[in-house]
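**Student:** Structure file work.txt (compact mmCIF, C-alpha atoms (C1' of nucleotides)) is given on the next line.
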# COMPACT_ATOMS: atom_id res chain seq x y z
CA MET Q 4 110.13 161.71 92.61
CA PRO Q 5 107.89 164.48 91.71
CA GLU Q 6 106.64 167.40 93.67
CA LEU Q 7 104.36 170.16 92.44
CA PRO Q 8 106.74 171.64 89.83
CA GLU Q 9 107.59 168.27 88.29
CA VAL Q 10 103.94 167.20 88.19
CA GLU Q 11 102.97 170.57 86.71
CA THR Q 12 105.63 170.15 84.02
CA ILE Q 13 104.43 166.65 83.16
CA ALA Q 14 100.79 167.79 83.02
CA ARG Q 15 101.68 170.69 80.71
CA VAL Q 16 103.63 168.44 78.37
CA LEU Q 17 100.71 166.01 78.18
CA LYS Q 18 98.29 168.83 77.49
CA GLN Q 19 100.35 170.77 74.97
CA GLY Q 20 102.65 168.16 73.54
CA ALA Q 21 106.44 168.48 73.45
CA GLU Q 22 109.35 167.62 71.20
CA PRO Q 23 110.01 165.28 69.56
CA LEU Q 24 106.51 163.82 69.28
CA ASN Q 25 104.44 166.95 69.80
CA VAL Q 26 101.29 164.94 70.38
CA SER Q 27 98.76 166.22 72.87
CA LEU Q 28 96.74 163.84 75.02
CA ILE Q 29 93.67 165.99 74.45
CA GLY Q 30 91.22 164.38 72.08
CA CYS Q 31 92.86 160.95 72.12
CA GLN Q 32 90.35 158.11 72.26
CA ILE Q 33 91.28 154.98 74.18
CA LYS Q 34 91.27 151.85 72.06
CA SER Q 35 92.56 149.49 74.75
CA ALA Q 36 94.38 149.41 78.07
CA GLN Q 37 97.03 147.17 79.56
CA VAL Q 38 97.59 146.67 83.27
CA LEU Q 39 101.08 145.31 83.88
CA TRP Q 40 101.16 145.75 87.66
CA GLN Q 41 97.82 145.19 89.27
CA ARG Q 42 98.40 147.26 92.40
CA THR Q 43 98.91 150.36 90.28
CA LEU Q 44 95.12 150.46 90.09
CA ALA Q 45 93.97 152.05 93.33
CA ASN Q 46 90.24 151.48 93.19
CA LEU Q 47 89.36 148.98 90.46
CA SER Q 48 90.28 145.52 89.29
CA PRO Q 49 92.10 145.33 85.94
CA ARG Q 50 88.97 143.91 84.32
CA GLU Q 51 86.75 146.73 85.61
CA PHE Q 52 89.33 149.37 84.74
CA ILE Q 53 89.85 148.18 81.18
CA GLN Q 54 86.18 147.73 80.46
CA ARG Q 55 85.29 151.13 81.85
CA ILE Q 56 88.05 153.23 80.29
CA THR Q 57 87.97 151.73 76.80
CA GLY Q 58 86.22 153.98 74.31
CA GLN Q 59 86.51 157.15 76.41
CA SER Q 60 88.28 160.22 75.03
CA VAL Q 61 90.52 162.71 76.81
CA ILE Q 62 88.84 166.07 77.37
CA ASP Q 63 91.48 167.84 79.46
CA VAL Q 64 94.64 167.36 81.53
CA SER Q 65 95.46 169.32 84.66
CA ARG Q 66 97.13 169.09 88.05
CA ARG Q 67 95.84 169.26 91.62
CA GLY Q 68 98.50 168.98 94.31
CA LYS Q 69 100.70 166.13 93.13
CA PHE Q 70 97.89 164.44 91.19
CA ILE Q 71 97.66 164.46 87.41
CA VAL Q 72 93.98 164.82 86.53
CA VAL Q 73 92.90 163.42 83.17
CA ASN Q 74 89.28 164.27 82.40
CA LEU Q 75 87.57 161.76 80.16
CA ASP Q 76 84.07 161.73 78.66
CA HIS Q 77 82.49 160.01 81.63
CA ASP Q 78 85.20 159.57 84.25
CA SER Q 79 88.39 161.13 85.56
CA LEU Q 80 91.69 159.31 85.62
CA LEU Q 81 93.73 160.46 88.61
CA ILE Q 82 97.40 159.56 88.59
CA HIS Q 83 99.81 159.93 91.51
CA LEU Q 84 103.46 159.34 90.57
CA ARG Q 85 104.66 158.90 94.17
CA MET Q 86 108.44 158.34 94.28
CA SER Q 87 109.45 157.05 90.87
CA GLY Q 88 106.51 157.39 88.51
CA ASP Q 89 106.62 159.02 85.10
CA LEU Q 90 104.24 159.39 82.15
CA ARG Q 91 105.32 158.95 78.54
CA MET Q 92 103.26 159.94 75.53
CA GLU Q 93 104.67 158.13 72.53
CA LYS Q 94 104.08 156.61 69.14
CA SER Q 95 102.92 153.02 69.56
CA THR Q 96 103.13 151.69 66.02
CA ALA Q 97 106.08 151.32 63.66
CA GLN Q 98 106.09 152.04 59.89
CA ASP Q 99 105.28 148.41 59.14
CA GLY Q 100 102.32 148.43 61.48
CA SER Q 101 103.96 146.45 64.27
CA THR Q 102 103.62 147.51 67.88
CA LEU Q 103 106.71 149.17 69.34
CA PRO Q 104 108.11 147.55 72.49
CA LEU Q 105 107.20 148.88 75.93
CA GLN Q 106 109.85 149.89 78.44
CA GLU Q 107 111.01 148.14 81.56
CA HIS Q 108 108.84 149.13 84.54
CA ASP Q 109 105.85 150.21 82.48
CA ARG Q 110 102.88 149.48 84.78
CA LEU Q 111 99.86 150.83 82.92
CA VAL Q 112 99.43 151.63 79.22
CA LEU Q 113 96.59 153.35 77.40
CA GLN Q 114 96.53 152.66 73.67
CA PHE Q 115 94.79 155.32 71.56
CA ILE Q 116 93.10 154.94 68.19
CA ASN Q 117 95.53 157.45 66.63
CA GLN Q 118 98.47 155.04 67.05
CA SER Q 119 99.90 156.83 70.08
CA ARG Q 120 99.90 155.63 73.67
CA LEU Q 121 100.35 156.86 77.22
CA ALA Q 122 102.62 154.73 79.41
CA PHE Q 123 102.76 155.01 83.20
CA ASN Q 124 106.27 153.89 84.08
CA ASP Q 125 107.10 153.39 87.75
CA THR Q 126 110.23 151.57 88.90
CA ARG Q 127 109.32 151.38 92.57
CA LYS Q 128 105.64 150.53 92.05
CA PHE Q 129 104.40 153.10 94.59
CA GLY Q 130 102.44 155.08 92.01
CA ARG Q 131 98.65 154.76 91.80
CA ALA Q 132 95.86 155.43 89.32
CA TRP Q 133 92.18 155.95 90.14
CA LEU Q 134 89.34 155.85 87.64
CA THR Q 135 86.30 157.54 89.10
CA ASP Q 136 83.25 159.56 88.13
CA ASP Q 137 83.70 161.63 91.29
CA PRO Q 138 87.32 162.86 91.51
CA GLN Q 139 86.38 165.19 94.36
CA GLU Q 140 86.05 162.16 96.56
CA ILE Q 141 89.85 161.97 96.45
CA LEU Q 142 90.88 165.55 95.70
CA ALA Q 143 88.69 167.15 98.36
CA GLU Q 144 91.07 165.76 101.01
CA LEU Q 145 93.82 168.07 99.75
CA GLY Q 146 94.75 171.38 101.30
CA PRO Q 147 94.89 174.60 99.27
CA GLU Q 148 97.14 175.14 96.26
CA PRO Q 149 100.15 177.15 97.44
CA LEU Q 150 100.21 179.20 94.23
CA ASP Q 151 96.52 180.09 94.43
CA GLU Q 152 96.39 183.86 94.92
CA SER Q 153 93.32 183.56 97.10
CA LEU Q 154 95.53 182.02 99.81
CA THR Q 155 96.66 185.06 101.79
CA SER Q 156 99.50 185.18 104.29
CA GLU Q 157 96.91 186.00 106.97
CA SER Q 158 94.93 182.84 106.30
CA PHE Q 159 98.19 180.87 105.98
CA HIS Q 160 99.20 182.15 109.42
CA ALA Q 161 95.83 181.12 110.79
CA MET Q 162 96.26 177.65 109.25
CA LEU Q 163 99.69 177.28 110.86
CA THR Q 164 98.66 178.41 114.33
CA LYS Q 165 95.59 176.20 114.29
CA HIS Q 166 98.09 173.38 114.77
CA ASN Q 167 101.19 173.05 116.88
CA ARG Q 168 103.20 170.66 114.80
CA GLN Q 169 106.79 170.54 113.60
CA LEU Q 170 106.80 172.81 110.58
CA LYS Q 171 108.33 170.51 107.99
CA PRO Q 172 105.98 167.54 108.45
CA LEU Q 173 103.04 169.96 108.51
CA LEU Q 174 104.09 171.62 105.23
CA MET Q 175 104.49 168.19 103.65
CA ASP Q 176 101.07 167.05 104.87
CA GLN Q 177 98.97 167.18 101.70
CA ARG Q 178 95.80 167.83 103.68
CA PHE Q 179 97.41 171.00 105.02
CA LEU Q 180 98.91 172.30 101.75
CA ALA Q 181 98.94 170.47 98.43
CA GLY Q 182 102.12 169.98 96.45
CA LEU Q 183 105.20 170.39 98.64
CA GLY Q 184 107.55 167.44 99.05
CA ASN Q 185 110.94 166.91 100.64
CA ILE Q 186 113.07 169.09 98.38
CA TYR Q 187 110.91 172.16 97.97
CA THR Q 188 110.06 172.15 101.69
CA ASP Q 189 113.74 172.26 102.66
CA GLU Q 190 114.42 174.94 100.07
CA ALA Q 191 111.46 177.08 101.17
CA LEU Q 192 112.33 176.83 104.87
CA PHE Q 193 115.90 177.87 104.14
CA ARG Q 194 114.79 180.83 102.07
CA ALA Q 195 112.44 181.88 104.89
CA SER Q 196 115.23 181.32 107.49
CA ILE Q 197 113.03 179.03 109.58
CA HIS Q 198 114.12 175.76 111.16
CA PRO Q 199 112.11 172.68 110.05
CA LEU Q 200 111.45 171.66 113.65
CA LYS Q 201 110.02 175.01 114.69
CA ARG Q 202 106.46 174.61 115.99
CA SER Q 203 103.75 175.86 113.68
CA GLY Q 204 101.97 177.39 116.65
CA GLN Q 205 104.99 179.62 117.31
CA ILE Q 206 105.11 181.15 113.86
CA THR Q 207 104.64 184.92 113.82
CA THR Q 208 102.62 186.77 111.20
CA LYS Q 209 105.83 188.03 109.64
CA GLU Q 210 107.34 184.55 109.51
CA ALA Q 211 104.16 183.17 107.95
CA HIS Q 212 104.27 185.87 105.32
CA ASN Q 213 107.94 185.17 104.57
CA LEU Q 214 107.35 181.43 104.48
CA LEU Q 215 104.42 181.61 102.06
CA HIS Q 216 106.45 183.94 99.86
CA ALA Q 217 109.43 181.54 99.96
CA ILE Q 218 107.19 178.59 99.10
CA ARG Q 219 105.83 180.45 96.09
CA VAL Q 220 109.26 181.56 94.93
CA VAL Q 221 110.74 178.04 95.00
CA LEU Q 222 107.68 176.49 93.35
CA GLN Q 223 107.49 179.11 90.62
CA GLU Q 224 111.18 178.89 89.94
CA GLY Q 225 110.88 175.11 89.91
CA ILE Q 226 108.10 175.28 87.33
CA GLN Q 227 110.02 177.80 85.27
CA ARG Q 228 112.95 175.37 85.12
CA ASN Q 229 110.73 172.35 84.40
CA GLY Q 230 111.33 170.83 87.83
CA ALA Q 231 114.48 169.27 89.26
CA SER Q 232 116.45 166.27 87.98
CA ILE Q 233 118.58 164.66 90.67
CA ASP Q 234 118.94 161.03 89.60
CA TRP Q 235 117.73 158.51 87.07
CA VAL Q 236 114.07 159.08 87.88
CA TYR Q 237 113.15 162.36 86.24
CA ARG Q 238 114.87 164.08 83.35
CA GLY Q 239 114.73 167.43 81.71
CA GLY Q 240 114.43 169.72 84.73
CA GLN Q 241 117.05 172.26 85.73
CA PHE Q 242 115.98 173.40 89.20
CA GLN Q 243 118.62 171.20 90.85
CA HIS Q 244 121.14 173.91 89.98
CA GLN Q 245 119.26 176.32 92.24
CA PHE Q 246 119.33 174.15 95.36
CA GLN Q 247 120.59 176.08 98.38
CA VAL Q 248 120.44 173.28 100.96
CA TYR Q 249 119.02 170.04 99.54
CA GLY Q 250 121.82 167.53 98.90
CA ARG Q 251 124.45 170.09 100.01
CA GLU Q 252 125.47 168.59 103.36
CA GLY Q 253 128.93 169.82 104.35
CA GLN Q 254 129.02 172.48 101.65
CA ALA Q 255 129.06 176.18 102.45
CA CYS Q 256 125.80 178.03 102.96
CA THR Q 257 125.35 180.40 100.02
CA ARG Q 258 124.35 183.14 102.44
CA CYS Q 259 126.70 182.86 105.43
CA GLY Q 260 129.27 180.18 104.56
CA SER Q 261 128.47 177.81 107.43
CA PRO Q 262 128.49 174.14 106.45
CA ILE Q 263 125.02 172.84 105.58
CA ARG Q 264 123.90 170.15 107.99
CA ARG Q 265 121.71 167.09 107.40
CA LEU Q 266 119.24 165.86 109.99
CA VAL Q 267 116.30 163.47 109.89
CA VAL Q 268 112.78 164.79 110.37
CA SER Q 269 109.85 162.38 110.10
CA GLN Q 270 112.08 159.80 108.45
CA ARG Q 271 113.16 162.21 105.72
CA GLY Q 272 116.60 163.63 105.04
CA THR Q 273 116.41 167.31 105.96
CA HIS Q 274 118.90 170.01 105.11
CA VAL Q 275 119.47 173.22 107.02
CA CYS Q 276 121.95 176.00 107.53
CA PRO Q 277 122.50 175.83 111.30
CA SER Q 278 123.30 179.52 111.43
CA CYS Q 279 120.60 180.96 109.12
CA GLN Q 280 117.92 178.61 110.51
CA PRO Q 281 118.41 178.62 114.29
CA ALA Q 282 117.11 175.53 116.08
CA PRO Q 283 113.96 176.17 118.12
C1' DA C 16 96.54 166.08 118.72
C1' DT C 17 101.08 164.84 117.49
C1' DA C 18 104.82 161.94 116.26
C1' DA C 19 107.48 157.86 115.48
C1' DA C 20 107.98 153.42 113.13
C1' DC C 21 107.10 150.49 109.49
C1' DG C 22 105.52 148.78 104.97
C1' DC C 23 105.33 149.17 100.13
C1' DC C 24 109.40 148.45 95.98
C1' DT C 25 113.65 148.82 92.99
C1' DG C 26 118.10 150.58 92.12
C1' DA C 27 122.35 153.27 92.92
C1' DC C 28 126.24 153.98 95.62
C1' DG C 29 129.97 153.50 99.06
C1' DG C 30 132.61 150.62 102.20
C1' DC C 31 134.86 146.38 103.08
C1' DT I 25 133.97 141.07 92.14
C1' DG I 26 130.50 140.43 95.52
C1' DC I 27 127.96 141.41 99.52
C1' DC I 28 125.82 144.53 102.70
C1' DG I 29 123.96 148.62 104.56
C1' DT I 30 122.06 153.06 103.44
C1' DC I 31 119.60 156.13 100.88
C1' DA I 32 116.01 157.93 97.48
C1' DG I 33 111.23 163.33 94.74
C1' DG I 34 105.58 159.69 98.87
C1' DC I 35 102.06 158.25 101.62
C1' DG I 36 98.95 155.01 104.33
C1' DT I 37 98.51 152.43 108.60
C1' DT I 38 99.58 151.26 113.15
C1' DT I 39 101.43 152.24 117.56
C1' DA I 40 102.82 155.31 121.38
As a first step, turn the structure in this file into structure tokens.
**Tutor:**
Amino acid sequence: MPELPEVETIARVLKQGAEPLNVSLIGCQIKSAQVLWQRTLANLSPREFIQRITGQSVIDVSRRGKFIVVNLDHDSLLIHLRMSGDLRMEKSTAQDGSTLPLQEHDRLVLQFINQSRLAFNDTRKFGRAWLTDDPQEILAELGPEPLDESLTSESFHAMLTKHNRQLKPLLMDQRFLAGLGNIYTDEALFRASIHPLKRSGQITTKEAHNLLHAIRVVLQEGIQRNGASIDWVYRGGQFQHQFQVYGREGQACTRCGSPIRRLVVSQRGTHVCPSCQPAP
DNA sequence: ATAAACGCCTGACGGC
DNA sequence: TGCCGTCAGGCGTTTA
């Protein structure tokens, strides 16, 4: 499911709270934890995880690439939602004191002392959670944040020409740049009028500038609209109404009217305007 | 160095 | 209705 804008939206909601509950994760102290799908834990056994996280309080919530970063007193909880993950902050206890039922596909639940809980729901079970005192061990592998102003189009051009890979798989490589996934990559390449199979080593300084600008525009607009909702997985976003190519196979290009075409690039459905994005 | 193929999982959808 | 293939917001590993 989620790419940078969706993860950013989820992190902001956890940090600030949102209707109807309006409860922030910040300050919540963990009373207990439940592991409902063992493989959700990336680096610890359920026993180790539960023992270590119990009693810790949430200091802060942020995002790095597609990871949600939950800072605790002593450790960091890193959560990657992969294809179908979602996080729910909710009330855990009814008026009469009974525990409210969990939802289907809940894989990991943190129960707080204030009668709220955080549930990691993940239909496809690809999502992962790490509990570590050294989050950099995992996060240091990531490339730069595309929205970080210190990333200039000159350095982006240098990054691109250091490799000679197909552009789309390179942009989606989280070690190259952190946060782009299938949708926003297609949308950014269209807006920059560059074909996804163009070689990164062939990109000119002007193209690199346009591409970085397009990446930032689609990500910022995605965040502004709370991400994109295209199926049952993620709700609340509105960016799907701004798609120019993704999921529009056969429909007219918004710029030139040519039918949008679908191809497969590194096993992923890829959408281009064959006239605006000439094949290399 | 780069790229393709596959595995991990469940569910929705379209065709027959 | 049921069955089957295909596809889905990701990423790690193995193979070429």
**Student:** For DG26 (chain C), list every protein, DNA or RNA residue within 12 Å, evaluated using all atoms listed in the file, and leave out those in the same chain fewer than 5 positions away; present the list as a list in words.
**Tutor:**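 Those residues are Ser87, Thr126, Arg127, Asp234, Trp235 and Val236 of chain Q; DC31 and DA32 of chain I.
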**Student:** Place a sphere of radius 9 Å on (125.4, 156.2, 95.8) in the file coordinates and name every protein, DNA or RNA residue with an atom inside or on its surface, counting all atoms listed in the file; give the answer as a PyMOL selection string.
**Tutor:** (chain C and resi 27-29) or (chain I and resi 30-31)
**Student:** Please report as CSV every residue of chain C lying within 10 Å of region 246-269 of chain Q, along with the nearest atom pair and their distance in Å (one decimal), using all atoms listed in the file.
**Tutor:**
residue,atom,partner,partner_atom,distance
C:DA18,C1',Q:Ser269,CA,8.0
C:DA19,C1',Q:Ser269,CA,7.4
C:DA20,C1',Q:Ser269,CA,9.6
**Student:** Please identify every residue of chain Q that has at least one atom no farther than 8 Å from an atom of chain I, counting only C-alpha atoms (C1' of nucleotides), and for each give the shortest atom pair and the distance in Å to one decimal, arranged by chain then increasing number, as a Markdown table.
**Tutor:**
| residue | atom | partner | partner_atom | distance |
| --- | --- | --- | --- | --- |
| Q:Met4 | CA | I:DG33 | C1' | 2.9 |
| Q:Pro5 | CA | I:DG33 | C1' | 4.7 |
| Q:Glu6 | CA | I:DG33 | C1' | 6.2 |
| Q:Arg85 | CA | I:DG34 | C1' | 4.9 |
| Q:Met86 | CA | I:DG34 | C1' | 5.6 |
| Q:Ser87 | CA | I:DG33 | C1' | 7.6 |
| Q:Phe129 | CA | I:DG34 | C1' | 7.9 |
| Q:Gly184 | CA | I:DG33 | C1' | 7.0 |
| Q:Asn185 | CA | I:DG33 | C1' | 6.9 |
| Q:Ile186 | CA | I:DG33 | C1' | 7.1 |
**Student:** Just give me the gap between CA of Leu75 (chain Q) and CA of Ser27 (chain Q) in Å, one decimal is fine.
**Tutor:** 14.1 Å
**Student:** Please, which residues of chain C lie no more than 7 Å from chain Q when the count uses all atoms listed in the file, and can they be set out as a ChimeraX atom specification?
**Tutor:** /C:17,23-25
**Student:** In Å, rounded to a single decimal, give me how far CA of Tyr237 (chain Q) is from CA of Leu84 (chain Q).
**Tutor:** 11.0 Å
**Student:** CA of Leu142 (chain Q) to CA of Arg67 (chain Q): how many Å, to one decimal?
**Tutor:** 7.4 Å
**Student:** Which protein, DNA or RNA residues have an atom at most 12 Å from (110.2, 176.7, 95.1), counting all atoms listed in the file? List them as number ranges by chain.
**Tutor:** Q: 6-9, 149-150, 182-195, 214-231, 242-243, 245-247, 249
**Student:** Which residues, written as an NGL selection string, have at least one atom at most 10 Å from Lys209 (chain Q), with only C-alpha atoms (C1' of nucleotides) counted and residues fewer than 6 positions away on the same chain left out?
**Tutor:** :Q and (156-157 or 160)
**Student:** Write out N, CA and C atoms for region 171-206 of chain Q, as an mmCIF file, in the coordinates of the input.
**Tutor:**
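And here's rebuild-v1.cif as it stands now:
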data_model
loop_
_atom_site.group_PDB
_atom_site.id
_atom_site.type_symbol
_atom_site.label_atom_id
_atom_site.label_comp_id
_atom_site.auth_asym_id
_atom_site.auth_seq_id
_atom_site.Cartn_x
_atom_site.Cartn_y
_atom_site.Cartn_z
ATOM 1 N N LYS Q 171 108.098 171.244 109.237
ATOM 2 C CA LYS Q 171 108.330 170.510 107.990
ATOM 3 C C LYS Q 171 107.289 169.420 107.736
ATOM 4 N N PRO Q 172 107.021 168.543 108.704
ATOM 5 C CA PRO Q 172 105.980 167.540 108.450
ATOM 6 C C PRO Q 172 104.618 168.164 108.165
ATOM 7 N N LEU Q 173 104.328 169.306 108.767
ATOM 8 C CA LEU Q 173 103.040 169.960 108.510
ATOM 9 C C LEU Q 173 102.988 170.468 107.061
ATOM 10 N N LEU Q 174 104.069 171.093 106.605
ATOM 11 C CA LEU Q 174 104.090 171.620 105.230
ATOM 12 C C LEU Q 174 103.998 170.493 104.203
ATOM 13 N N MET Q 175 104.515 169.321 104.581
ATOM 14 C CA MET Q 175 104.490 168.190 103.650
ATOM 15 C C MET Q 175 103.187 167.393 103.738
ATOM 16 N N ASP Q 176 102.354 167.733 104.728
ATOM 17 C CA ASP Q 176 101.070 167.050 104.870
ATOM 18 C C ASP Q 176 100.131 167.590 103.789
ATOM 19 N N GLN Q 177 99.730 166.730 102.862
ATOM 20 C CA GLN Q 177 98.970 167.180 101.700
ATOM 21 C C GLN Q 177 97.569 167.661 102.057
ATOM 22 N N ARG Q 178 97.096 167.305 103.247
ATOM 23 C CA ARG Q 178 95.800 167.830 103.680
ATOM 24 C C ARG Q 178 95.939 169.258 104.180
ATOM 25 N N PHE Q 179 97.163 169.632 104.555
ATOM 26 C CA PHE Q 179 97.410 171.000 105.020
ATOM 27 C C PHE Q 179 97.660 171.944 103.843
ATOM 28 N N LEU Q 180 98.551 171.517 102.936
ATOM 29 C CA LEU Q 180 98.910 172.300 101.750
ATOM 30 C C LEU Q 180 99.256 171.279 100.677
ATOM 31 N N ALA Q 181 98.809 171.498 99.462
ATOM 32 C CA ALA Q 181 98.940 170.470 98.430
ATOM 33 C C ALA Q 181 100.085 170.752 97.481
ATOM 34 N N GLY Q 182 101.101 169.891 97.496
ATOM 35 C CA GLY Q 182 102.120 169.980 96.450
ATOM 36 C C GLY Q 182 103.550 169.975 96.915
ATOM 37 N N LEU Q 183 103.815 170.379 98.174
ATOM 38 C CA LEU Q 183 105.200 170.390 98.640
ATOM 39 C C LEU Q 183 105.664 168.988 98.983
ATOM 40 N N GLY Q 184 106.916 168.681 98.644
ATOM 41 C CA GLY Q 184 107.550 167.440 99.050
ATOM 42 C C GLY Q 184 108.858 167.753 99.757
ATOM 43 N N ASN Q 185 109.738 166.782 99.832
ATOM 44 C CA ASN Q 185 110.940 166.910 100.640
ATOM 45 C C ASN Q 185 111.875 168.023 100.181
ATOM 46 N N ILE Q 186 112.092 168.106 98.889
ATOM 47 C CA ILE Q 186 113.070 169.090 98.380
ATOM 48 C C ILE Q 186 112.570 170.517 98.538
ATOM 49 N N TYR Q 187 111.389 170.774 97.999
ATOM 50 C CA TYR Q 187 110.910 172.160 97.970
ATOM 51 C C TYR Q 187 110.602 172.671 99.383
ATOM 52 N N THR Q 188 110.262 171.743 100.305
ATOM 53 C CA THR Q 188 110.060 172.150 101.690
ATOM 54 C C THR Q 188 111.375 172.622 102.310
ATOM 55 N N ASP Q 189 112.440 171.841 102.133
ATOM 56 C CA ASP Q 189 113.740 172.260 102.660
ATOM 57 C C ASP Q 189 114.179 173.591 102.058
ATOM 58 N N GLU Q 190 113.987 173.722 100.754
ATOM 59 C CA GLU Q 190 114.420 174.940 100.070
ATOM 60 C C GLU Q 190 113.603 176.160 100.537
ATOM 61 N N ALA Q 191 112.314 175.958 100.735
ATOM 62 C CA ALA Q 191 111.460 177.080 101.170
ATOM 63 C C ALA Q 191 111.798 177.489 102.596
ATOM 64 N N LEU Q 192 112.012 176.499 103.477
ATOM 65 C CA LEU Q 192 112.330 176.830 104.870
ATOM 66 C C LEU Q 192 113.666 177.563 104.962
ATOM 67 N N PHE Q 193 114.628 177.152 104.148
ATOM 68 C CA PHE Q 193 115.900 177.870 104.140
ATOM 69 C C PHE Q 193 115.702 179.316 103.695
ATOM 70 N N ARG Q 194 114.969 179.477 102.605
ATOM 71 C CA ARG Q 194 114.790 180.830 102.070
ATOM 72 C C ARG Q 194 114.007 181.722 103.028
ATOM 73 N N ALA Q 195 113.176 181.105 103.888
ATOM 74 C CA ALA Q 195 112.440 181.880 104.890
ATOM 75 C C ALA Q 195 113.209 181.956 106.210
ATOM 76 N N SER Q 196 114.399 181.327 106.267
ATOM 77 C CA SER Q 196 115.230 181.320 107.490
ATOM 78 C C SER Q 196 114.490 180.768 108.700
ATOM 79 N N ILE Q 197 113.763 179.673 108.480
ATOM 80 C CA ILE Q 197 113.030 179.030 109.580
ATOM 81 C C ILE Q 197 113.476 177.576 109.693
ATOM 82 N N HIS Q 198 113.680 177.141 110.928
ATOM 83 C CA HIS Q 198 114.120 175.760 111.160
ATOM 84 C C HIS Q 198 112.944 174.793 110.967
ATOM 85 N N PRO Q 199 113.202 173.636 110.325
ATOM 86 C CA PRO Q 199 112.110 172.680 110.050
ATOM 87 C C PRO Q 199 111.421 172.125 111.285
ATOM 88 N N LEU Q 200 112.071 172.187 112.433
ATOM 89 C CA LEU Q 200 111.450 171.660 113.650
ATOM 90 C C LEU Q 200 110.722 172.732 114.456
ATOM 91 N N LYS Q 201 110.758 173.961 113.986
ATOM 92 C CA LYS Q 201 110.020 175.010 114.690
ATOM 93 C C LYS Q 201 108.535 174.621 114.719
ATOM 94 N N ARG Q 202 107.874 174.944 115.823
ATOM 95 C CA ARG Q 202 106.460 174.610 115.990
ATOM 96 C C ARG Q 202 105.581 175.570 115.187
ATOM 97 N N SER Q 203 104.624 175.011 114.501
ATOM 98 C CA SER Q 203 103.750 175.860 113.680
ATOM 99 C C SER Q 203 102.973 176.860 114.532
ATOM 100 N N GLY Q 204 102.706 176.487 115.764
ATOM 101 C CA GLY Q 204 101.970 177.390 116.650
ATOM 102 C C GLY Q 204 102.781 178.592 117.099
ATOM 103 N N GLN Q 205 104.107 178.529 116.896
ATOM 104 C CA GLN Q 205 104.990 179.620 117.310
ATOM 105 C C GLN Q 205 105.315 180.599 116.193
ATOM 106 N N ILE Q 206 104.764 180.322 115.013
ATOM 107 C CA ILE Q 206 105.110 181.150 113.860
ATOM 108 C C ILE Q 206 104.415 182.515 113.944
#
